[in-house]
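Shown below: target01.txt, with compact mmCIF, C-alpha atoms.
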# COMPACT_ATOMS: atom_id res chain seq x y z
CA MET A 1 -52.41 23.12 67.00
CA GLU A 2 -50.53 19.82 67.07
CA LYS A 3 -47.09 20.14 68.59
CA ILE A 4 -44.56 20.64 65.81
CA LYS A 5 -41.69 18.14 65.71
CA LYS A 6 -40.45 18.29 62.12
CA ILE A 7 -39.97 21.39 59.96
CA GLY A 8 -38.68 22.17 56.51
CA VAL A 9 -36.64 25.13 55.29
CA PHE A 10 -36.07 26.24 51.71
CA THR A 11 -34.72 29.13 49.66
CA SER A 12 -36.59 30.31 46.59
CA GLY A 13 -36.41 32.91 43.83
CA GLY A 14 -33.24 34.91 43.25
CA ASP A 15 -30.39 34.04 45.58
CA SER A 16 -29.01 36.68 47.92
CA PRO A 17 -25.91 36.81 50.14
CA GLY A 18 -26.84 35.75 53.67
CA MET A 19 -29.33 33.02 52.76
CA ASN A 20 -26.87 30.42 54.05
CA ALA A 21 -26.56 32.29 57.33
CA ALA A 22 -30.36 32.19 57.66
CA VAL A 23 -30.49 28.45 56.91
CA ARG A 24 -27.76 27.87 59.49
CA ALA A 25 -29.68 29.82 62.14
CA VAL A 26 -32.92 27.97 61.37
CA VAL A 27 -31.22 24.59 61.62
CA ARG A 28 -29.28 25.24 64.80
CA SER A 29 -32.07 27.11 66.56
CA GLY A 30 -34.52 24.41 65.52
CA ILE A 31 -32.35 21.59 66.83
CA GLN A 32 -31.76 23.53 70.05
CA SER A 33 -35.55 23.67 70.44
CA GLY A 34 -35.92 19.91 69.93
CA LEU A 35 -37.04 20.00 66.29
CA GLU A 36 -35.97 17.87 63.36
CA VAL A 37 -35.06 20.12 60.43
CA PHE A 38 -35.20 19.15 56.76
CA GLY A 39 -33.76 21.08 53.84
CA ILE A 40 -36.04 21.33 50.82
CA ARG A 41 -33.68 21.72 47.90
CA ARG A 42 -34.47 23.87 44.83
CA GLY A 43 -37.38 25.71 46.43
CA TYR A 44 -40.93 24.80 45.45
CA MET A 45 -39.66 22.57 42.65
CA GLY A 46 -37.80 20.43 45.17
CA MET A 47 -40.88 20.41 47.39
CA ILE A 48 -42.99 19.01 44.54
CA GLU A 49 -40.35 16.43 43.60
CA GLY A 50 -39.54 15.38 47.16
CA ASP A 51 -35.93 16.60 46.99
CA ILE A 52 -35.78 16.82 50.77
CA ILE A 53 -32.84 16.00 53.05
CA PRO A 54 -32.29 16.00 56.82
CA LEU A 55 -30.09 18.81 58.09
CA SER A 56 -27.88 18.51 61.17
CA SER A 57 -25.90 21.11 63.05
CA GLN A 58 -22.77 19.74 61.37
CA SER A 59 -24.28 19.98 57.89
CA VAL A 60 -24.53 23.77 58.19
CA SER A 61 -21.04 24.21 59.61
CA GLY A 62 -18.78 26.59 57.70
CA ILE A 63 -21.49 28.18 55.56
CA ILE A 64 -22.19 31.49 57.31
CA GLN A 65 -19.56 33.25 55.18
CA ARG A 66 -20.67 31.77 51.85
CA GLY A 67 -22.83 33.52 49.28
CA GLY A 68 -25.58 31.76 47.34
CA THR A 69 -27.52 28.95 49.01
CA ILE A 70 -26.35 25.42 49.85
CA ILE A 71 -29.88 24.06 49.42
CA TYR A 72 -30.17 25.68 45.99
CA THR A 73 -33.02 27.71 44.56
CA ALA A 74 -35.26 27.54 41.52
CA ARG A 75 -38.40 29.02 40.01
CA CYS A 76 -41.34 26.65 39.57
CA LYS A 77 -44.30 27.24 37.24
CA GLU A 78 -45.98 24.02 38.34
CA PHE A 79 -46.42 25.42 41.85
CA HIS A 80 -48.63 28.19 40.43
CA GLU A 81 -51.37 25.58 39.92
CA TYR A 82 -53.35 23.86 42.67
CA GLN A 83 -52.27 20.39 41.52
CA GLY A 84 -48.64 21.40 41.85
CA ARG A 85 -49.20 22.67 45.37
CA LYS A 86 -51.08 19.44 46.23
CA LYS A 87 -48.06 17.42 45.10
CA ALA A 88 -45.85 19.61 47.29
CA TYR A 89 -48.13 19.10 50.30
CA ASP A 90 -48.17 15.33 49.77
CA GLN A 91 -44.37 15.31 49.81
CA LEU A 92 -44.32 17.25 53.06
CA LEU A 93 -46.70 14.68 54.57
CA LYS A 94 -44.48 11.87 53.31
CA PHE A 95 -41.55 13.29 55.28
CA GLY A 96 -43.67 14.18 58.27
CA ILE A 97 -42.97 17.90 57.88
CA GLN A 98 -45.52 19.94 59.84
CA ALA A 99 -44.31 23.50 59.19
CA VAL A 100 -42.11 25.30 56.69
CA ILE A 101 -39.75 28.26 56.79
CA ALA A 102 -39.51 30.02 53.42
CA ILE A 103 -36.54 32.26 52.63
CA GLY A 104 -37.08 34.49 49.61
CA GLY A 105 -38.96 37.44 48.23
CA ASP A 106 -42.40 38.47 47.03
CA GLY A 107 -43.06 35.44 44.80
CA THR A 108 -41.90 33.05 47.50
CA PHE A 109 -44.23 34.61 50.06
CA THR A 110 -47.16 34.64 47.66
CA GLY A 111 -46.84 30.88 47.18
CA ALA A 112 -46.37 30.29 50.90
CA SER A 113 -49.45 32.34 51.79
CA ILE A 114 -51.65 30.47 49.29
CA MET A 115 -50.42 27.01 50.32
CA SER A 116 -50.79 27.80 54.00
CA LYS A 117 -54.47 28.63 53.46
CA GLU A 118 -55.19 25.68 51.19
CA PHE A 119 -53.63 23.01 53.38
CA ASP A 120 -53.59 24.60 56.82
CA ILE A 121 -49.85 24.23 57.24
CA PRO A 122 -47.80 26.92 59.04
CA PHE A 123 -45.41 28.92 56.85
CA ILE A 124 -42.98 31.48 58.24
CA GLY A 125 -41.27 33.82 55.77
CA ILE A 126 -37.77 35.25 56.00
CA PRO A 127 -37.15 38.10 53.51
CA GLY A 128 -34.15 37.32 51.32
CA THR A 129 -33.67 39.59 48.29
CA ILE A 130 -31.08 42.17 47.29
CA ASP A 131 -33.84 44.56 46.16
CA ASN A 132 -34.96 45.40 49.74
CA ASP A 133 -38.49 45.85 48.40
CA ILE A 134 -40.45 43.73 50.89
CA PHE A 135 -43.02 45.57 52.97
CA GLY A 136 -42.77 45.23 56.75
CA THR A 137 -39.00 45.17 57.19
CA ASP A 138 -36.33 47.84 57.05
CA TYR A 139 -33.81 45.42 55.56
CA THR A 140 -33.91 42.20 53.57
CA ILE A 141 -31.13 39.63 53.62
CA GLY A 142 -28.57 40.38 50.91
CA TYR A 143 -29.35 44.06 50.39
CA ASP A 144 -26.39 45.38 52.38
CA THR A 145 -23.93 43.07 50.62
CA ALA A 146 -25.28 43.95 47.17
CA LEU A 147 -25.11 47.63 48.05
CA ASN A 148 -21.44 47.36 48.98
CA THR A 149 -20.74 45.33 45.84
CA VAL A 150 -22.22 48.10 43.69
CA VAL A 151 -20.29 50.83 45.50
CA GLU A 152 -17.00 48.96 45.17
CA ALA A 153 -17.57 48.44 41.44
CA VAL A 154 -18.60 52.05 40.80
CA ASP A 155 -15.58 53.37 42.72
CA LYS A 156 -13.38 51.54 40.22
CA ILE A 157 -15.41 52.77 37.26
CA ARG A 158 -15.07 56.32 38.61
CA ASP A 159 -11.29 56.07 38.27
CA THR A 160 -11.38 55.40 34.55
CA ALA A 161 -14.27 57.83 34.01
CA SER A 162 -12.21 60.63 35.59
CA SER A 163 -9.08 59.67 33.66
CA HIS A 164 -10.84 59.88 30.29
CA GLY A 165 -13.47 62.50 31.02
CA ARG A 166 -16.20 59.99 30.21
CA ILE A 167 -19.84 59.60 31.15
CA PHE A 168 -20.61 56.15 32.56
CA PHE A 169 -24.15 54.82 32.76
CA VAL A 170 -24.06 52.04 35.36
CA GLU A 171 -27.07 49.74 35.55
CA VAL A 172 -27.95 48.10 38.86
CA MET A 173 -30.67 45.58 39.66
CA GLY A 174 -34.17 46.80 40.44
CA ARG A 175 -36.88 46.06 37.87
CA GLU A 176 -39.60 47.57 40.03
CA ALA A 177 -37.73 49.14 42.95
CA GLY A 178 -35.01 51.75 43.19
CA PHE A 179 -33.73 51.03 46.72
CA LEU A 180 -30.38 49.70 45.50
CA ALA A 181 -29.96 52.50 42.97
CA ILE A 182 -30.71 55.34 45.40
CA ARG A 183 -28.42 54.26 48.22
CA SER A 184 -25.57 53.16 45.98
CA GLY A 185 -25.87 56.41 44.03
CA ILE A 186 -25.53 58.48 47.18
CA ALA A 187 -22.73 56.30 48.54
CA CYS A 188 -20.58 56.62 45.41
CA GLY A 189 -21.39 60.26 44.63
CA ALA A 190 -23.30 59.68 41.41
CA GLU A 191 -24.23 62.78 39.44
CA ALA A 192 -27.69 61.36 38.64
CA ILE A 193 -29.87 58.45 39.79
CA MET A 194 -32.63 57.02 37.62
CA ILE A 195 -35.27 54.82 39.30
CA PRO A 196 -38.60 53.22 38.26
CA GLU A 197 -40.59 55.02 40.95
CA LYS A 198 -39.95 58.51 39.58
CA GLY A 199 -40.88 59.40 36.04
CA GLY A 200 -39.96 62.44 33.98
CA GLN A 201 -36.30 62.41 35.00
CA PHE A 202 -34.89 62.58 31.48
CA GLU A 203 -35.13 66.35 31.12
CA LYS A 204 -33.06 66.90 34.28
CA LEU A 205 -30.49 64.43 32.99
CA ARG A 206 -30.41 66.18 29.63
CA LYS A 207 -29.62 69.53 31.29
CA LEU A 208 -26.90 67.90 33.36
CA MET A 209 -25.32 66.40 30.24
CA ALA A 210 -25.39 69.76 28.50
CA LYS A 211 -23.25 71.18 31.31
CA ARG A 212 -20.91 68.20 31.02
CA VAL A 213 -20.35 68.98 27.34
CA GLU A 214 -19.27 72.52 28.21
CA LYS A 215 -16.98 71.54 31.07
CA ARG A 216 -15.80 68.17 29.68
CA LYS A 217 -16.33 66.60 33.08
CA SER A 218 -16.81 62.92 33.84
CA SER A 219 -20.03 61.65 35.40
CA ILE A 220 -21.49 58.52 36.92
CA ILE A 221 -25.18 57.91 36.24
CA ILE A 222 -26.74 55.11 38.29
CA VAL A 223 -29.70 53.51 36.50
CA ALA A 224 -32.09 50.94 37.98
CA GLU A 225 -32.83 48.29 35.35
CA GLY A 226 -36.56 49.07 35.47
CA GLU A 227 -36.14 52.80 34.78
CA GLU A 228 -38.73 54.17 32.34
CA GLU A 229 -36.36 54.68 29.40
CA GLY A 230 -35.54 50.98 29.38
CA GLY A 231 -32.37 50.73 31.43
CA ALA A 232 -28.82 52.02 31.07
CA THR A 233 -28.25 50.96 27.46
CA ALA A 234 -31.38 52.63 26.09
CA LEU A 235 -30.77 55.75 28.18
CA ALA A 236 -27.14 56.03 27.08
CA LYS A 237 -28.11 55.70 23.41
CA ARG A 238 -30.64 58.49 23.71
CA ILE A 239 -28.17 60.81 25.43
CA GLN A 240 -25.44 59.96 22.90
CA ALA A 241 -27.79 60.84 20.05
CA GLU A 242 -28.46 64.26 21.58
CA PHE A 243 -24.85 64.91 22.62
CA PRO A 244 -22.58 63.20 20.06
CA ASP A 245 -19.48 64.92 21.45
CA LEU A 246 -19.80 63.18 24.81
CA SER A 247 -17.69 60.08 25.44
CA ILE A 248 -20.26 57.67 26.87
CA ARG A 249 -19.85 54.13 28.17
CA THR A 250 -22.34 51.68 29.67
CA THR A 251 -21.70 49.09 32.37
CA ILE A 252 -24.32 46.57 33.44
CA LEU A 253 -23.29 45.10 36.78
CA GLY A 254 -25.75 42.24 36.48
CA HIS A 255 -25.48 39.15 38.64
CA ILE A 256 -22.27 40.08 40.42
CA GLN A 257 -24.62 42.02 42.70
CA ARG A 258 -26.15 38.75 43.93
CA GLY A 259 -22.91 36.94 44.66
CA GLY A 260 -20.04 37.22 47.09
CA ASN A 261 -19.51 36.72 50.79
CA PRO A 262 -22.29 38.32 52.84
CA SER A 263 -21.41 41.42 54.84
CA ALA A 264 -21.29 41.28 58.63
CA PHE A 265 -24.59 43.16 58.70
CA ASP A 266 -26.30 40.58 56.47
CA ARG A 267 -24.87 37.67 58.48
CA VAL A 268 -26.20 39.09 61.73
CA THR A 269 -29.56 40.07 60.20
CA ALA A 270 -30.00 36.60 58.69
CA SER A 271 -29.05 34.92 61.97
CA ARG A 272 -31.54 37.00 63.94
CA MET A 273 -34.34 36.33 61.46
CA GLY A 274 -33.62 32.60 61.31
CA ALA A 275 -33.74 32.21 65.08
CA ALA A 276 -36.86 34.41 65.26
CA ALA A 277 -38.61 32.17 62.71
CA ILE A 278 -38.12 29.16 65.00
CA ASP A 279 -39.40 31.15 67.98
CA ALA A 280 -42.49 32.08 65.97
CA LEU A 281 -43.26 28.45 65.10
CA ILE A 282 -42.86 27.36 68.71
CA ASP A 283 -45.25 30.18 69.63
CA ASN A 284 -47.82 28.65 67.21
CA GLN A 285 -47.54 31.48 64.67
CA LYS A 286 -48.40 30.83 61.02
CA SER A 287 -48.53 32.77 57.77
CA ILE A 288 -46.24 35.52 58.99
CA MET A 289 -43.00 37.08 57.82
CA ILE A 290 -40.13 37.89 60.13
CA GLY A 291 -39.00 41.49 59.71
CA ILE A 292 -36.69 43.96 61.40
CA VAL A 293 -38.00 47.47 62.09
CA ASN A 294 -35.98 49.98 64.09
CA ASN A 295 -33.59 47.12 64.90
CA GLU A 296 -36.36 45.09 66.53
CA ILE A 297 -37.83 41.78 65.33
CA VAL A 298 -41.43 42.13 64.11
CA HIS A 299 -44.09 39.76 62.76
CA VAL A 300 -45.92 40.78 59.59
CA PRO A 301 -48.83 38.82 58.04
CA LEU A 302 -47.57 37.14 54.87
CA ASN A 303 -50.47 38.41 52.77
CA LYS A 304 -49.79 41.97 53.96
CA SER A 305 -46.10 41.74 53.08
CA VAL A 306 -47.10 40.64 49.58
CA LYS A 307 -50.02 42.99 48.93
CA THR A 308 -48.61 46.18 50.46
CA HIS A 309 -46.21 48.26 48.39
CA LYS A 310 -42.98 49.38 50.03
CA SER A 311 -42.12 52.91 48.92
CA VAL A 312 -38.65 54.30 48.42
CA ASN A 313 -37.65 57.34 50.46
CA MET A 314 -37.87 60.19 47.96
CA GLU A 315 -36.03 62.44 50.42
CA LEU A 316 -32.92 60.40 49.61
CA LEU A 317 -33.35 61.26 45.92
CA LYS A 318 -33.54 64.95 46.84
CA LEU A 319 -30.43 64.55 48.98
CA ALA A 320 -28.57 63.02 46.05
CA GLU A 321 -29.44 66.03 43.86
CA VAL A 322 -28.28 68.49 46.52
CA ILE A 323 -24.88 66.91 47.18
CA ARG A 324 -23.97 65.63 43.71
So, in terms of structure tokens, how does the structure I just supplied come out?
Amino acid sequence: MEKIKKIGVFTSGGDSPGMNAAVRAVVRSGIQSGLEVFGIRRGYMGMIEGDIIPLSSQSVSGIIQRGGTIIYTARCKEFHEYQGRKKAYDQLLKFGIQAVIAIGGDGTFTGASIMSKEFDIPFIGIPGTIDNDIFGTDYTIGYDTALNTVVEAVDKIRDTASSHGRIFFVEVMGREAGFLAIRSGIACGAEAIMIPEKGGQFEKLRKLMAKRVEKRKSSIIIVAEGEEEGGATALAKRIQAEFPDLSIRTTILGHIQRGGNPSAFDRVTASRMGAAAIDALIDNQKSIMIGIVNNEIVHVPLNKSVKTHKSVNMELLKLAEVIR
């Protein structure tokens, strides 16, 4: 493999707190290793359009504590087609970029894996998503921050729920994965947790609500947005129809879960992964994702991280039922 001198880094898909810390680590570790580092703005869209800028150590100063991503992110339908990927590759050649570090989730890694095979260019993935649903790593960048954001919000909701004896259905992100819902539900003492991975939960919830009617007690129900009933709003409507005497409210936390200053854990995790991505490139690795398992850096084939399903720990759901 030709010695790599110039690399690109981009963020893609949904933003997550800690992406900036990862970019910072990539840039500074890369420069320390004698590489020129370029920021590809707006993900694959920026790659296709040549929206590429040089990044210096100074240009990433003061960003480790910032949420979002300074090089922006976007979704790009054009990249789904070969011609779009060919345009992206031509732009990389134009700037002399020989390898790319991709920070994002499942969709980001799918695109990186395909392009790496088509054009024989090294891609290294860094998992950045609040859903924590990427196979091959215990934690993804942004998950810890989002988790704490949810807990802080639900703690405040709990105060008004208790004051009024109300039932609050709180929807958290997770169209296909309940990682955020399970851990936040346990952390804030939710009376029930509804996730996409486990069906047939409504009957248990119905029995719980029947007891709430008798005792007039408040409750917090954490609902992942991909839950089988259709999310918190649909679930709350169904429960309200069956128990009209209950005082029910719905809160959808939405995109506040993606924003905010990254936690110390996410800053350190992102920094470790960013530096490890540079080490992997120098070691002539390609088409791998950087993960952390049992607090140790691991390398996972990109196609395996995409194709293999990461399962939630159902023991945590049982724990939540025992201690609610």
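Nearest-residue note for Gly107 of chain A: choosing from A:Gly13, A:Pro262, A:Gly178, A:Gly125, the minimum distance belongs to A:Gly13, counting only C-alpha atoms.
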Report the closest atom pair, with its distance in Å rounded to one decimal, for each residue of segment 248-307 of chain A that has an atom no farther than 12 Å from segment 65-88 of chain A; count all atoms listed in the file, sort by chain and then rising residue number, and write it as CSV.
residue,atom,partner,partner_atom,distance
A:His255,CA,A:Gly68,CA,11.4
A:Ile256,CA,A:Gly67,CA,11.0
A:Gln257,CA,A:Gly67,CA,10.9
A:Arg258,CA,A:Gly68,CA,7.8
A:Gly259,CA,A:Gly67,CA,5.7
A:Gly260,CA,A:Gly67,CA,5.1
A:Asn261,CA,A:Gly67,CA,4.9
A:Pro262,CA,A:Gly67,CA,6.0
A:Ser263,CA,A:Gln65,CA,8.4
A:Ala264,CA,A:Gln65,CA,8.9
A:Phe265,CA,A:Gln65,CA,11.7
A:Asp266,CA,A:Gln65,CA,10.0
A:Arg267,CA,A:Gln65,CA,7.7
A:Val268,CA,A:Gln65,CA,11.0
A:Ala270,CA,A:Gln65,CA,11.5
A:Ser271,CA,A:Gln65,CA,11.8
Quiz prompt | Between atom CA of Val223 of chain A and atom CA of Leu180 of chain A - distance in Å to one decimal | solution =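 It comes out at 9.8 Å.
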Practice problem: For atom CA of Asn20 of chain A and atom CA of Gly185 of chain A, quote the distance in Å rounded to one decimal. | Solution: 27.9 Å
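In terms of minimum interatomic distance to Thr108 of chain A, A:Ile134 ranks closest within A:Ile121, A:Leu147, A:Ile134, A:Leu55, counting all atoms listed in the file.
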